[in-house]
>>> print(open('input_27.tsv').read())   # TSV, C-alpha atoms and all ligand atoms
chain	number	residue	atom	x	y	z
A	288	MET	CA	-30.50	9.29	-2.44
A	289	ASN	CA	-29.13	11.40	-5.28
A	290	PRO	CA	-28.48	8.87	-8.11
A	291	ASP	CA	-25.21	10.68	-8.97
A	292	ALA	CA	-23.93	9.74	-5.53
A	293	ILE	CA	-24.27	6.01	-6.21
A	294	PRO	CA	-21.00	4.59	-7.51
A	295	SER	CA	-21.28	3.03	-10.96
A	296	LEU	CA	-19.07	1.09	-13.29
A	297	ARG	CA	-17.64	4.41	-14.46
A	298	SER	CA	-16.68	5.56	-10.96
A	299	PRO	CA	-13.00	5.56	-9.99
A	300	VAL	CA	-11.19	3.12	-7.71
A	301	GLY	CA	-9.96	4.82	-4.52
A	302	ILE	CA	-6.55	3.96	-3.07
A	303	PHE	CA	-4.93	5.34	0.06
A	304	ASP	CA	-1.78	5.03	2.11
A	305	SER	CA	0.06	7.05	4.74
A	306	GLY	CA	2.18	8.49	1.93
A	307	LEU	CA	4.03	7.42	-1.19
A	308	GLY	CA	4.14	3.70	-0.35
A	309	GLY	CA	0.70	2.95	-1.79
A	310	LEU	CA	1.95	4.04	-5.19
A	311	THR	CA	3.53	0.59	-5.38
A	312	VAL	CA	-0.05	-0.74	-5.32
A	313	LEU	CA	-1.40	1.95	-7.64
A	314	LYS	CA	1.23	1.00	-10.22
A	315	GLU	CA	-0.05	-2.60	-10.26
A	316	VAL	CA	-3.68	-1.45	-10.35
A	317	MET	CA	-2.84	0.66	-13.41
A	318	ARG	CA	-1.15	-2.33	-15.03
A	319	LEU	CA	-3.85	-4.92	-14.30
A	320	LEU	CA	-6.89	-2.66	-14.50
A	321	PRO	CA	-5.86	-0.30	-17.32
A	322	ASP	CA	-9.40	0.94	-17.95
A	323	GLU	CA	-10.12	2.09	-14.41
A	324	ASP	CA	-9.98	5.72	-13.31
A	325	THR	CA	-8.26	6.05	-9.93
A	326	VAL	CA	-8.12	8.52	-7.05
A	327	TYR	CA	-5.03	8.22	-4.87
A	328	PHE	CA	-4.60	9.82	-1.46
A	329	GLY	CA	-1.22	9.77	0.32
A	330	ASP	CA	-1.31	11.09	3.89
A	331	SER	CA	2.35	12.23	3.84
A	332	GLY	CA	1.55	15.14	6.16
A	333	ARG	CA	0.71	12.68	8.98
A	334	ALA	CA	3.07	9.82	8.07
A	335	PRO	CA	4.36	7.59	9.47
A	336	TYR	CA	1.33	5.63	10.64
A	337	GLY	CA	3.46	2.73	11.81
A	338	THR	CA	4.67	4.44	14.99
A	339	LYS	CA	1.16	5.55	16.04
A	340	SER	CA	-1.35	3.95	18.40
A	341	HIS	CA	-4.24	1.75	17.25
A	342	ASP	CA	-6.82	4.52	17.91
A	343	THR	CA	-4.87	7.10	15.93
A	344	ILE	CA	-4.38	4.74	12.99
A	345	VAL	CA	-8.12	3.96	12.94
A	346	LYS	CA	-9.01	7.66	13.09
A	347	PHE	CA	-6.60	8.56	10.26
A	348	ALA	CA	-7.67	5.62	8.09
A	349	LEU	CA	-11.37	6.48	8.46
A	350	GLN	CA	-10.67	10.08	7.45
A	351	ASP	CA	-8.74	8.84	4.40
A	352	MET	CA	-11.69	6.59	3.50
A	353	ARG	CA	-14.21	9.45	3.89
A	354	PHE	CA	-12.12	11.64	1.63
A	355	LEU	CA	-12.20	8.95	-1.06
A	356	LEU	CA	-15.93	8.38	-0.61
A	357	GLU	CA	-16.44	12.07	-1.36
A	358	HIS	CA	-14.99	11.27	-4.78
A	359	ARG	CA	-17.69	8.63	-5.24
A	360	VAL	CA	-15.24	5.79	-5.61
A	361	LYS	CA	-16.71	2.36	-6.38
A	362	ALA	CA	-14.15	0.42	-4.31
A	363	ILE	CA	-11.39	1.22	-1.84
A	364	VAL	CA	-7.95	-0.36	-1.78
A	365	ILE	CA	-6.22	0.11	1.57
A	366	ALA	CA	-2.70	0.26	0.14
A	367	CYS	CA	-1.19	0.34	3.62
A	368	ASN	CA	-0.40	-2.68	5.79
A	369	THR	CA	-0.59	-0.65	8.99
A	370	ALA	CA	-4.09	0.60	8.19
A	371	SER	CA	-5.08	-2.86	6.94
A	372	ALA	CA	-3.87	-4.42	10.21
A	373	HIS	CA	-5.68	-1.92	12.46
A	374	ALA	CA	-8.59	-0.43	10.54
A	375	PHE	CA	-9.90	-2.95	8.00
A	376	ASP	CA	-13.03	-3.81	9.99
A	377	PRO	CA	-14.11	-0.24	10.84
A	378	ILE	CA	-13.48	0.82	7.24
A	379	ARG	CA	-15.47	-2.11	5.85
A	380	GLU	CA	-18.34	-1.34	8.23
A	381	GLU	CA	-18.56	2.33	7.26
A	382	ALA	CA	-17.64	2.28	3.55
A	383	GLY	CA	-20.67	0.48	2.09
A	384	ILE	CA	-18.64	-0.44	-1.02
A	385	PRO	CA	-16.05	-3.21	-1.64
A	386	VAL	CA	-12.87	-2.72	0.42
A	387	LEU	CA	-9.61	-4.55	-0.27
A	388	GLU	CA	-6.66	-4.83	2.06
A	389	VAL	CA	-3.03	-5.86	1.54
A	390	ILE	CA	-2.23	-8.38	4.27
A	391	GLY	CA	-4.21	-11.43	3.12
A	392	PRO	CA	-2.74	-11.41	-0.41
A	393	GLY	CA	0.84	-10.97	0.94
A	394	ALA	CA	0.41	-13.80	3.45
A	395	ARG	CA	-1.01	-16.12	0.76
A	396	ALA	CA	1.89	-15.38	-1.59
A	397	ALA	CA	4.47	-16.02	1.17
A	398	ALA	CA	2.86	-19.31	2.21
A	399	ALA	CA	2.92	-20.46	-1.43
A	400	ALA	CA	6.50	-19.32	-2.05
A	401	THR	CA	8.42	-20.77	0.89
A	402	ARG	CA	10.32	-24.04	0.40
A	403	THR	CA	12.04	-24.32	3.79
A	404	GLY	CA	9.20	-22.86	5.92
A	405	ARG	CA	11.50	-20.13	7.27
A	406	ILE	CA	9.71	-16.87	6.52
A	407	GLY	CA	10.68	-13.32	7.45
A	408	ILE	CA	8.11	-10.57	7.80
A	409	ILE	CA	9.18	-6.93	7.88
A	410	GLY	CA	6.74	-4.12	8.53
A	411	THR	CA	6.07	-1.09	10.67
A	412	GLN	CA	6.09	-1.40	14.46
A	413	ALA	CA	2.27	-1.15	14.51
A	414	THR	CA	1.90	-3.94	11.92
A	415	VAL	CA	4.39	-6.22	13.68
A	416	ASP	CA	2.80	-5.55	17.09
A	417	SER	CA	-0.70	-6.31	15.75
A	418	GLY	CA	0.40	-9.89	14.96
A	419	VAL	CA	-2.05	-9.88	12.03
A	420	TYR	CA	0.54	-10.96	9.44
A	421	LEU	CA	1.98	-13.60	11.70
A	422	ARG	CA	-1.44	-15.18	12.24
A	423	ALA	CA	-2.37	-14.94	8.56
A	424	VAL	CA	0.84	-16.67	7.40
A	425	GLU	CA	0.63	-19.32	10.13
A	426	THR	CA	-2.93	-20.15	9.12
A	427	LEU	CA	-2.08	-20.45	5.45
A	428	ALA	CA	1.38	-22.04	5.54
A	429	PRO	CA	2.01	-25.75	5.85
A	430	LEU	CA	2.91	-27.19	9.26
A	431	GLY	CA	6.35	-26.44	10.65
A	432	VAL	CA	6.63	-22.89	9.46
A	433	VAL	CA	8.99	-20.65	11.46
A	434	ILE	CA	8.32	-16.93	11.24
A	435	HIS	CA	10.73	-14.14	12.12
A	436	GLN	CA	9.29	-10.64	12.36
A	437	GLN	CA	11.25	-7.41	12.28
A	438	ALA	CA	10.01	-3.83	12.46
A	439	CYS	CA	11.93	-1.49	10.13
A	440	PRO	CA	10.52	1.96	10.98
A	441	LEU	CA	13.31	3.96	9.33
A	442	PHE	CA	12.49	2.48	5.92
A	443	VAL	CA	9.33	4.61	5.75
A	444	GLY	CA	11.29	7.85	6.28
A	445	LEU	CA	13.86	6.80	3.68
A	446	ALA	CA	11.09	6.00	1.18
A	447	GLU	CA	9.25	9.31	1.78
A	448	GLU	CA	12.57	11.15	1.43
A	449	GLY	CA	13.30	9.57	-1.94
A	450	TRP	CA	16.44	7.90	-0.52
A	451	TRP	CA	15.68	4.64	-2.25
A	452	GLU	CA	19.15	3.45	-3.18
A	453	ASN	CA	21.82	5.46	-1.38
A	454	ASP	CA	24.47	4.41	1.18
A	455	ILE	CA	22.32	5.37	4.16
A	456	ALA	CA	19.50	3.15	2.90
A	457	ARG	CA	22.05	0.32	2.39
A	458	ARG	CA	23.41	0.65	5.95
A	459	VAL	CA	19.95	0.79	7.51
A	460	ALA	CA	18.87	-2.27	5.52
A	461	ALA	CA	21.98	-4.23	6.49
A	462	GLU	CA	21.36	-3.45	10.17
A	463	TYR	CA	17.64	-4.33	10.20
A	464	LEU	CA	17.97	-7.46	8.10
A	465	ALA	CA	21.03	-9.02	9.78
A	466	PRO	CA	18.94	-11.12	12.26
A	467	LEU	CA	16.72	-12.41	9.43
A	468	LYS	CA	19.76	-13.30	7.37
A	469	ARG	CA	21.22	-15.20	10.34
A	470	ALA	CA	17.90	-17.03	10.76
A	471	GLY	CA	18.28	-18.41	7.20
A	472	ILE	CA	14.87	-17.33	5.85
A	473	ASP	CA	14.07	-18.21	2.24
A	474	THR	CA	11.11	-15.83	1.85
A	475	LEU	CA	10.77	-12.25	3.00
A	476	VAL	CA	7.41	-10.48	3.09
A	477	LEU	CA	7.63	-6.75	2.42
A	478	GLY	CA	4.84	-6.08	4.91
A	479	CYS	CA	4.69	-2.35	4.30
A	480	THR	CA	3.83	-0.77	0.98
A	481	HIS	CA	6.69	1.71	1.34
A	482	TYR	CA	9.31	-1.05	1.34
A	483	PRO	CA	9.14	-2.02	-2.36
A	484	LEU	CA	10.53	1.46	-3.05
A	485	LEU	CA	13.72	0.15	-1.35
A	486	LYS	CA	13.52	-3.27	-3.01
A	487	ARG	CA	17.02	-3.18	-4.47
A	488	VAL	CA	18.79	-2.39	-1.20
A	489	ILE	CA	16.62	-4.88	0.68
A	490	GLN	CA	17.47	-7.65	-1.80
A	491	GLU	CA	21.16	-6.74	-1.60
A	492	ALA	CA	21.13	-6.87	2.21
A	493	ILE	CA	19.19	-10.13	2.57
A	494	GLY	CA	20.92	-11.91	-0.31
A	495	PRO	CA	19.85	-12.87	-3.84
A	496	GLU	CA	18.56	-16.32	-2.85
A	497	VAL	CA	15.76	-14.92	-0.67
A	498	ARG	CA	12.43	-14.44	-2.43
A	499	LEU	CA	10.86	-11.03	-1.75
A	500	ILE	CA	7.07	-10.92	-1.50
A	501	ASP	CA	5.52	-7.63	-2.54
A	502	SER	CA	1.76	-7.99	-2.29
A	503	ALA	CA	0.97	-5.14	-4.74
A	504	ALA	CA	0.32	-7.38	-7.75
A	505	GLU	CA	-1.74	-9.82	-5.66
A	506	VAL	CA	-3.90	-6.98	-4.31
A	507	ALA	CA	-4.49	-5.63	-7.80
A	508	ARG	CA	-5.55	-9.11	-8.93
A	509	ALA	CA	-7.89	-9.38	-5.94
A	510	ALA	CA	-9.35	-5.95	-6.79
A	511	LYS	CA	-9.99	-7.03	-10.38
A	512	ALA	CA	-11.71	-10.23	-9.26
A	513	ARG	CA	-13.87	-8.34	-6.78
A	514	LEU	CA	-14.95	-5.69	-9.30
A	515	GLU	CA	-15.80	-8.41	-11.78
A	516	GLN	CA	-17.79	-10.27	-9.12
A	517	VAL	CA	-19.91	-7.22	-8.27
A	518	GLY	CA	-20.31	-6.19	-11.91
A	519	LEU	CA	-18.31	-2.97	-11.56
A	520	LEU	CA	-15.27	-3.71	-13.75
A	521	HIS	CA	-14.81	-1.08	-16.44
A	522	GLY	CA	-14.65	-2.53	-19.94
A	523	PRO	CA	-12.29	-1.41	-22.74
A	524	ARG	CA	-12.43	2.32	-23.45
A	525	ALA	CA	-12.92	4.29	-26.61
A	526	ASP	CA	-10.12	6.70	-27.61
A	527	ALA	CA	-12.34	9.64	-26.80
A	528	ASP	CA	-12.71	8.41	-23.23
A	529	PRO	CA	-9.20	8.46	-21.69
A	530	VAL	CA	-8.41	7.02	-18.28
A	531	ARG	CA	-7.98	9.57	-15.49
A	532	HIS	CA	-5.72	9.30	-12.46
A	533	ALA	CA	-6.08	11.91	-9.72
A	534	TYR	CA	-3.52	12.41	-6.94
A	535	TYR	CA	-4.06	13.96	-3.53
A	536	THR	CA	-1.76	14.43	-0.57
A	537	SER	CA	-1.94	16.06	2.86
A	538	ASP	CA	1.58	17.49	2.41
A	539	SER	CA	3.37	19.39	-0.36
A	540	ALA	CA	1.65	18.69	-3.68
A	541	GLU	CA	4.80	19.60	-5.60
A	542	ARG	CA	6.94	17.18	-3.66
A	543	PHE	CA	4.36	14.43	-4.15
A	544	ARG	CA	4.27	15.17	-7.86
A	545	GLN	CA	8.05	14.90	-8.21
A	546	LEU	CA	8.65	11.80	-6.09
A	547	GLY	CA	5.44	10.09	-7.22
A	548	GLY	CA	6.34	10.66	-10.87
A	549	ALA	CA	9.87	9.29	-10.28
A	550	PHE	CA	8.44	6.17	-8.75
A	551	LEU	CA	5.59	5.57	-11.21
A	552	ARG	CA	8.01	6.35	-14.06
A	553	HIS	CA	5.52	8.58	-15.76
A	554	GLU	CA	4.64	12.15	-15.18
A	555	VAL	CA	2.20	13.01	-12.41
A	556	PRO	CA	0.81	16.14	-14.09
A	557	GLU	CA	-0.67	17.53	-10.91
A	558	ALA	CA	-1.31	16.67	-7.31
A	559	HIS	CA	-3.66	18.47	-4.94
A	560	LYS	CA	-3.26	19.26	-1.29
A	561	VAL	CA	-6.06	18.09	1.02
A	562	GLU	CA	-6.97	19.31	4.52
A	563	ILE	CA	-7.59	15.77	5.70
A	564	GLU	CA	-8.54	16.70	9.28
A	565	ARG	CA	-11.78	18.07	7.80
A	566	PHE	CA	-13.07	14.55	7.13
B	601	LIG	N1	2.94	2.14	3.92
B	601	LIG	C1	2.34	1.83	5.16
B	601	LIG	C2	2.30	0.35	5.42
B	601	LIG	O1	2.15	-0.38	4.47
B	601	LIG	C3	2.62	2.67	6.36
B	601	LIG	C4	3.98	3.15	6.63
B	601	LIG	C5	3.93	4.16	7.75
B	601	LIG	O2	3.31	5.20	7.55
B	601	LIG	O3	4.49	3.91	8.83
B	601	LIG	O4	2.34	-0.10	6.52
>>> encode(input="input_27.tsv", output="structure tokens")
Amino acid sequence: MNPDAIPSLRSPVGIFDSGLGGLTVLKEVMRLLPDEDTVYFGDSGRAPYGTKSHDTIVKFALQDMRFLLEHRVKAIVIACNTASAHAFDPIREEAGIPVLEVIGPGARAAAAATRTGRIGIIGTQATVDSGVYLRAVETLAPLGVVIHQQACPLFVGLAEEGWWENDIARRVAAEYLAPLKRAGIDTLVLGCTHYPLLKRVIQEAIGPEVRLIDSAAEVARAAKARLEQVGLLHGPRADADPVRHAYYTSDSAERFRQLGGAFLRHEVPEAHKVEIERF
């Protein structure tokens, strides 16, 4: 094997999602792992994943993984609950490098946060239908936990559109979250990485007393621990060796650059368009 093809400590961390949602995870990775280069791929051209069948989600997720492997990443973060729920095993089998997913960390945080045992989980239809979150929280939470799940498919479109805090987003949130509010949950898992983009309207609709669980920070912590464990964590950098973040999308690069920059709150200098079907 060509030694250049073997990922090393200096290789980037690969992160993918169906679109912009995974940037919520990237942001935490940048914060907790400030010395790591990253390669981000957002499959906005084929989003949403959450309305697709299991086979399609697996096919898309494997293509996203292969694209990242071409960049010789040293680890992959599946910054997408839908892909984590449906494609974690096939990705882990094929990748040959550490792979992190978002559902376990979110479920652990929810089980630790609840006081009353009434937990809400919102996610895409495919995530809710998979039952993966439900089982993970039930396994981790103390006895007597009551879980209410709700699919919120329109949130993904709102997030991709950049409609993060307008009246339409507020009305959609109020409609989706009304049953969870009636159920008196004290903890709400944002089981889709797009949803933290709408955090403000979600908190408004569910009420200030409900604790929102966004697994991004937990996943970044898990990634750090895993890199440390396998001896691939990048140490502090010299000034002459700046960190690099590369952005790829399967849709308009300009649109990704603008919305991604607005979300990350720093400029995304350039994004590149990828023909993902090639992989
Ligand atoms: N952001 C993804 C998730 O966490 C997928 C949203 C979608 O494409 O439907 O589930």
>>> residues_around(input="input_27.tsv", residues="stretch 525-533 of chain A", least_positions_apart="2", cutoff="8 Å", atoms="all atoms listed in the file", output="list of chain:residue names")
A:Pro321, A:Asp322, A:Glu323, A:Asp324, A:Thr325, A:Val326, A:Tyr327, A:Pro523, A:Tyr535, A:Glu557, A:Ala558
>>> closest_residue(input="input_27.tsv", among="A:Gly547, A:Arg457, A:Ser537, A:Gly494", to="A:Asp330", atoms="all atoms listed in the file")
A:Ser537
>>> closest_residue(input="input_27.tsv", among="A:Ala510, A:Ile472, A:Val415, A:Leu484", to="A:Ile365", atoms="only C-alpha atoms")
A:Ala510
>>> residues_near_ligand(input="input_27.tsv", ligand="ligand LIG 601 (chain B)", cutoff="10 Å", atoms="only C-alpha atoms and all ligand atoms", output="ChimeraX atom specification")
/A:303-311,329-331,333-339,344,365-372,389-390,409-415,439-444,446-447,477-483
>>> residues_near_point(input="input_27.tsv", point="(9.9, -13.6, 8.4)", cutoff="8 Å", atoms="only C-alpha atoms", output="list in words")
Arg405, Ile406, Gly407, Ile408, Ile409, Val433, Ile434, His435, Gln436, Gln437, Leu467, Ile472, Thr474, Leu475 and Val476 of chain A
>>> atom_distance(input="input_27.tsv", atom1="atom CA of A:Arg353", atom2="atom CA of A:Val386")
12.7 Å
>>> residues_around(input="input_27.tsv", residues="A:Leu349", least_positions_apart="2", cutoff="12 Å", atoms="all atoms listed in the file", output="PyMOL selection string")
chain A and resi 303-304+330+342-347+351-356+363+365+370-371+373-382+563-566
>>> atom_distance(input="input_27.tsv", atom1="atom CA of A:His521", atom2="atom CA of A:Pro385")
15.0 Å
>>> atom_distance(input="input_27.tsv", atom1="atom CA of A:Thr401", atom2="atom CA of A:Tyr420")
15.2 Å
>>> closest_residue(input="input_27.tsv", among="A:Val424, A:Leu485, A:Ala400, A:Ile302", to="A:Ala456", atoms="all atoms listed in the file")
A:Leu485
>>> residues_around(input="input_27.tsv", residues="A:Ser295", least_positions_apart="3", cutoff="12 Å", atoms="all atoms listed in the file", output="list in words")
Pro290, Asp291, Ala292, Ser298, Pro299, Val300, Glu323, Asp324, Arg359, Val360, Lys361, Ala362, Ile384, Leu514, Val517, Gly518, Leu519, Leu520 and His521 of chain A
>>> write_last_selection(input="input_27.tsv", atoms="C-alpha atoms", output="PDB file, keeping the file's coordinate frame")
ATOM      1  CA  PRO A 290     -28.480   8.870  -8.110  1.00  0.00           C
ATOM      2  CA  ASP A 291     -25.210  10.680  -8.970  1.00  0.00           C
ATOM      3  CA  ALA A 292     -23.930   9.740  -5.530  1.00  0.00           C
ATOM      4  CA  SER A 298     -16.680   5.560 -10.960  1.00  0.00           C
ATOM      5  CA  PRO A 299     -13.000   5.560  -9.990  1.00  0.00           C
ATOM      6  CA  VAL A 300     -11.190   3.120  -7.710  1.00  0.00           C
ATOM      7  CA  GLU A 323     -10.120   2.090 -14.410  1.00  0.00           C
ATOM      8  CA  ASP A 324      -9.980   5.720 -13.310  1.00  0.00           C
ATOM      9  CA  ARG A 359     -17.690   8.630  -5.240  1.00  0.00           C
ATOM     10  CA  VAL A 360     -15.240   5.790  -5.610  1.00  0.00           C
ATOM     11  CA  LYS A 361     -16.710   2.360  -6.380  1.00  0.00           C
ATOM     12  CA  ALA A 362     -14.150   0.420  -4.310  1.00  0.00           C
ATOM     13  CA  ILE A 384     -18.640  -0.440  -1.020  1.00  0.00           C
ATOM     14  CA  LEU A 514     -14.950  -5.690  -9.300  1.00  0.00           C
ATOM     15  CA  VAL A 517     -19.910  -7.220  -8.270  1.00  0.00           C
ATOM     16  CA  GLY A 518     -20.310  -6.190 -11.910  1.00  0.00           C
ATOM     17  CA  LEU A 519     -18.310  -2.970 -11.560  1.00  0.00           C
ATOM     18  CA  LEU A 520     -15.270  -3.710 -13.750  1.00  0.00           C
ATOM     19  CA  HIS A 521     -14.810  -1.080 -16.440  1.00  0.00           C
TER      20      HIS A 521
END
>>> axis_aligned_box(input="input_27.tsv", around="stretch 548-563 of chain A", padding_each_side="5 Å", output="lines of an AutoDock Vina configuration file")
center_x = 1.1
center_y = 12.4
center_z = -5.0
size_x = 27.5
size_y = 23.7
size_z = 31.5
>>> closest_residue(input="input_27.tsv", among="A:Arg487, A:Ala507, A:Gly522, A:Thr426", to="A:Trp451", atoms="all atoms listed in the file")
A:Arg487
>>> residues_around(input="input_27.tsv", residues="A:His553", least_positions_apart="4", cutoff="12 Å", atoms="all atoms listed in the file", output="ChimeraX atom specification")
/A:314,317,532,544-549,557
>>> closest_residue(input="input_27.tsv", among="A:Val312, A:Ala540, A:Val459, A:Leu421", to="A:Asp501", atoms="only C-alpha atoms")
A:Val312
>>> closest_residue(input="input_27.tsv", among="A:Gly301, A:Gly383, A:Gly393, A:Gly404", to="A:Ile500", atoms="all atoms listed in the file")
A:Gly393
>>> decode(input="input_27.tsv", residues="stretch 503-516 of chain A", atoms="N, CA and C atoms", output="JSON list (two decimals), in the first residue's frame")
[["chain", "number", "residue", "atom", "x", "y", "z"],
["A", 503, "ALA", "N", -24.20, 17.46, 19.60],
["A", 503, "ALA", "CA", -22.97, 17.87, 18.91],
["A", 503, "ALA", "C", -21.74, 17.88, 19.83],
["A", 504, "ALA", "N", -21.90, 18.52, 21.00],
["A", 504, "ALA", "CA", -20.73, 18.63, 21.89],
["A", 504, "ALA", "C", -20.31, 17.24, 22.40],
["A", 505, "GLU", "N", -21.30, 16.39, 22.66],
["A", 505, "GLU", "CA", -20.99, 15.03, 23.16],
["A", 505, "GLU", "C", -20.22, 14.24, 22.09],
["A", 506, "VAL", "N", -20.64, 14.40, 20.84],
["A", 506, "VAL", "CA", -19.99, 13.67, 19.75],
["A", 506, "VAL", "C", -18.55, 14.15, 19.60],
["A", 507, "ALA", "N", -18.36, 15.46, 19.70],
["A", 507, "ALA", "CA", -17.01, 16.01, 19.56],
["A", 507, "ALA", "C", -16.12, 15.48, 20.69],
["A", 508, "ARG", "N", -16.69, 15.39, 21.89],
["A", 508, "ARG", "CA", -15.92, 14.83, 23.03],
["A", 508, "ARG", "C", -15.56, 13.37, 22.76],
["A", 509, "ALA", "N", -16.55, 12.63, 22.23],
["A", 509, "ALA", "CA", -16.30, 11.21, 21.93],
["A", 509, "ALA", "C", -15.22, 11.09, 20.85],
["A", 510, "ALA", "N", -15.24, 11.99, 19.87],
["A", 510, "ALA", "CA", -14.23, 11.94, 18.80],
["A", 510, "ALA", "C", -12.84, 12.20, 19.38],
["A", 511, "LYS", "N", -12.77, 13.15, 20.29],
["A", 511, "LYS", "CA", -11.47, 13.48, 20.91],
["A", 511, "LYS", "C", -10.94, 12.26, 21.67],
["A", 512, "ALA", "N", -11.82, 11.66, 22.46],
["A", 512, "ALA", "CA", -11.40, 10.49, 23.26],
["A", 512, "ALA", "C", -10.93, 9.37, 22.35],
["A", 513, "ARG", "N", -11.64, 9.16, 21.26],
["A", 513, "ARG", "CA", -11.29, 8.06, 20.34],
["A", 513, "ARG", "C", -9.95, 8.32, 19.65],
["A", 514, "LEU", "N", -9.74, 9.56, 19.22],
["A", 514, "LEU", "CA", -8.46, 9.88, 18.56],
["A", 514, "LEU", "C", -7.30, 9.72, 19.53],
["A", 515, "GLU", "N", -7.55, 10.14, 20.77],
["A", 515, "GLU", "CA", -6.51, 9.99, 21.79],
["A", 515, "GLU", "C", -6.18, 8.50, 22.00],
["A", 516, "GLN", "N", -7.25, 7.71, 22.09],
["A", 516, "GLN", "CA", -7.12, 6.27, 22.34],
["A", 516, "GLN", "C", -6.30, 5.58, 21.25]]
